[in-house]
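**Student:** Quick one: this structure, given as structure tokens, is what I'll be asking you about.
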Amino acid sequence: MLRTIYRKITAMLFALVLTIGCAFFLLVSYATEMYQQEVAQRLNVELAQHIVEEEALLNGSNVNTEALEHLFHMLMVINPNIEIYLLDTNGRILADAAPYGRIKRASVDLLPVRRFMAGEHKFPLRGDDPRSPERRKVFSAAPIASEKGVSGYLYVILASEAYDSVTGRIQESYILRFTTITLAVGLAVALLAGLAGFALLTRRLGHLSDAMRNYGQRTNAARSRYPFRGAARDEIDQLGASFNRMADQIDQQVEALQQNDAKRRELIANVSHDLRTPLTSLHGYLETLTLKDATLPEDERRQYLQIATARSKQLNQLVSELFELAKLDSCETLLNVEPFSLAELAQDVAQKFRLDAQARGIQLLTEVDADLPFAYGDIGLMQRVLDNLVENALRHTPHDGRVTLRLAANSDKITVRVADDGCGIPTDELPHIFDRFYRLEKNRENGGGHAGLGLAIAKRILDLHGSVIRAHNRPQRGTTFVFQVPAYPAR
């Protein structure tokens with residue numbers, strides 16, 4: 001039943017208003033009763049004394065019946081709301097004007113009576129009500145003197161049974177009745193105002209709930225965000241802003257997963273193609289050698305074997321690169337970080353590719369700043385990066401071109417640049433060159449059977465080192481790859 005926060009708040013507000021209203025009504029009723037009793041007792045504080053002075057109610061220890069009946073008759077005519085009792089010196093009721101069977105007490109406690117007559121009290125002072133075993137009421141009292149001293153007391157109850165109930169007090173009091181009606185109207189107005197205010201507050205919670213539900217069901221993309229009207233004003237708007245950020249992040253992650261899934265399918269297709277092509281060629285030549293081994297000339301047989309060997313090397317390189325890339329992507333790769341001379345490593349890499357560069361008619365140059373500090377990283381993986389970048393540059397540099405490997409100190413970093421004089425990379429292709437199996441065969445020279453994993457491996461290694469590799473190019477004038485590695489601080 002109470003499934004929405006608005007209904008719960010409404011029920012709580014109604015219970016709170018009802019509780020406060022009842023408590024306030026009881027407080028007002030009690031205060032009014034005390035006020036009326038105090039006023040009545042102050043106004044009639046000498047009433048009993050005046051009656052005693054006017055009438056001789058006791059003749060010694062006997063009740064003056066004639067005088068008492070005359071008194072009861074006069075008081076019923078003048079003020080029927082008071083009740084008169086004649087008490088002896090022990091508080092026992094000797095006479096009263098109550099109807100038969102209405103008296104519930106045989107005696108009255110005289111302690112409040114003596115306090116009243118002594119004046120040692122604060123109004124209202126209440127004493128026993130002879131018509132109730134538990135109730136106490138305001139009164140007026142006076143001693144009845146005789147020749148022997150005090151022979152009894154006149155005990156006057158100032159509030160009759162008409163005031164015993166709350167309903168009776170409301171009916172008899174215009175002020176209390178007006179206060180009760182005003183209180184009820186005020187509480188009703190407060191309740192309605194509170195409901196309207198809570199409706200305004202919870203309306204935004206409803207919008208947020210709708211946005212979450214629509215986002216979860218993906219039924220309405222336009223309404224799957226919390227609607228803002230200006231800046232965030234309170235916790236509800238802050239919660240809505242957090243939900244919007246979370247939804248945007250989830251959308252980005254879902255889109256990234258979809259892209260990764262598409263890349264995964266493309267990767268599988270590329271791996272299948274790159275494996276199938278050399279395998280088919282290798283299988284064909286080996287099958288030819290098997291079927292025609294006796295009839296093939298020696299030079300043709302040697303050519304077939306050379307081609308099969310080249311295809312097996314291509315397969316071996318592809319499988320090795322796939323294994324290396326998978327290992328780098330997993331959590332199995334632990335960097336062996338240590339200080340090392342990046343200048344010496346660059347010279348070793350250049351010397352490794354020197355013969356290949358000369359065979360291609362390409363100049364391979366190294367430029368190293370003086371006093372270059374040591375680098376800090378995994379020397380084996382960093383060599384793999386330089387190998388891939390230099391090999392890639394040589395593969396895409398024309399005859400009589402130049403490949404430059406430059407190292408420069410830059411604050412607490414060492415900047416590495418590998419530049420070639422190739423044909424460059426179109427701007428729209430530049431963001432994709434580090435993708436796996438991405439090749440620019442249509443723009444550059446044939447890759448020589450490479451699968452396009454070298455740059456992806458280099459990027460992954462640098463990611464593990466916390467470095468970023470970038471490519472800059474001028475079309476038809478070459479490409480430069482730039483990255484930085486941490487410098488080891490000199491002692």
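Ligands are numbered from 1 in the order shown, chains are lettered A, B, ... in the order of the structure tokens, and residues start at 1 in each chain.
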With only C-alpha atoms as the counted atoms, please give the residues lying no more than 7 Å from Pro486 (chain A), apart from itself and same-chain residues fewer than 3 positions off, as JSON, numbers by chain.

**Tutor:** {"A": [375, 376, 412, 413, 414]}

**Student:** Write out the residues from the selection above, keeping N, CA and C atoms, as a CSV table (one decimal), in the first residue's frame.

**Tutor:**
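File written: out.csv
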chain,number,residue,atom,x,y,z
A,375,ALA,N,68.4,5.9,-18.4
A,375,ALA,CA,67.0,5.7,-18.4
A,375,ALA,C,66.6,4.7,-17.3
A,376,TYR,N,65.3,4.7,-16.9
A,376,TYR,CA,64.8,3.8,-15.9
A,376,TYR,C,63.6,3.1,-16.4
A,412,ASP,N,63.3,15.6,-16.4
A,412,ASP,CA,63.4,14.3,-15.8
A,412,ASP,C,63.0,13.2,-16.8
A,413,LYS,N,62.9,13.5,-18.1
A,413,LYS,CA,62.6,12.5,-19.1
A,413,LYS,C,63.7,12.5,-20.1
A,414,ILE,N,63.6,11.4,-20.9
A,414,ILE,CA,64.5,11.2,-22.1
A,414,ILE,C,63.5,11.1,-23.3

**Student:** Excluding region 40-50 of chain A and any residue of its chain fewer than 6 positions from it, enumerate the residues within 6 Å of it, using only C-alpha atoms, and give them as a ChimeraX atom specification.

**Tutor:** /A:140-142

**Student:** I need the residues from that last selection saved to file as a PDB file, in the first residue's frame (with N, CA and C atoms), if you can.

**Tutor:**
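Contents of result-v3.pdb, freshly written:
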ATOM      1  N   SER A 140     -14.190  25.744  48.459  1.00  0.00           N
ATOM      2  CA  SER A 140     -14.081  26.789  49.469  1.00  0.00           C
ATOM      3  C   SER A 140     -14.513  26.170  50.788  1.00  0.00           C
ATOM      4  N   ALA A 141     -13.847  26.529  51.860  1.00  0.00           N
ATOM      5  CA  ALA A 141     -14.141  25.902  53.155  1.00  0.00           C
ATOM      6  C   ALA A 141     -14.031  26.939  54.271  1.00  0.00           C
ATOM      7  N   ALA A 142     -14.783  26.685  55.335  1.00  0.00           N
ATOM      8  CA  ALA A 142     -14.729  27.570  56.510  1.00  0.00           C
ATOM      9  C   ALA A 142     -15.086  26.753  57.747  1.00  0.00           C
TER      10      ALA A 142
END

**Student:** Output as a ChimeraX atom specification all residues of region 240-469 of chain A that backbone DSSP marks as helix (DSSP H, G or I).

**Tutor:** /A:240-292,298-329,342-352,354-360,379-395,427-432,454-464

**Student:** Need to verify the contact set: Leu345 (chain A), 7 Å, only C-alpha atoms, exclusion of same-chain residues closer than 4 positions in sequence. Can you return it as number ranges by chain?

**Tutor:** A: 341, 349, 383

**Student:** Output C-alpha atoms for every residue in the selection just made, as a PDB file, in the first residue's frame.

**Tutor:**
ATOM      1  CA  SER A 341      72.168   3.416 -20.672  1.00  0.00           C
ATOM      2  CA  VAL A 349      69.833  -1.452 -32.098  1.00  0.00           C
ATOM      3  CA  GLN A 383      64.915  -2.807 -26.843  1.00  0.00           C
TER       4      GLN A 383
END

**Student:** List the neighbours of region 296-308 of chain A out to 9 Å using only C-alpha atoms; skip same-chain residues closer than 5 positions along the sequence, and give me the result as an MDAnalysis selection string.

**Tutor:** chainID A and resid 278 281:286 288:289 313

**Student:** Going by DSSP on the backbone, which residues of region 176-395 of chain A come out as strand (DSSP E)? List them as a PyMOL selection string.

**Tutor:** chain A and resi 338-340+363-368+375-377

**Student:** Next, the residues of the selection above should be written as a compact mmCIF listing (two decimals), in the first residue's frame with C-alpha atoms.

**Tutor:**
# COMPACT_ATOMS: atom_id res chain seq x y z
CA GLU A 338 66.41 -0.85 -13.51
CA PRO A 339 68.63 2.03 -14.60
CA PHE A 340 70.37 1.47 -17.95
CA GLN A 363 71.12 5.75 -44.10
CA LEU A 364 70.56 4.75 -40.46
CA LEU A 365 71.73 7.55 -38.15
CA THR A 366 71.81 7.89 -34.36
CA GLU A 367 71.91 11.29 -32.63
CA VAL A 368 72.48 11.33 -28.87
CA ALA A 375 66.99 5.69 -18.38
CA TYR A 376 64.81 3.85 -15.86
CA GLY A 377 62.80 0.92 -17.17

**Student:** List the spatial neighbours of region 95-104 of chain A as a list of chain:residue names - criterion: any atom at most 7 Å away, only C-alpha atoms, same-chain residues fewer than 3 positions off excluded.

**Tutor:**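 The contact residues come out as A:Phe72, A:Ile84, A:Tyr85, A:Leu86, A:Pro130, A:Arg131, A:Ser132, A:Pro133.
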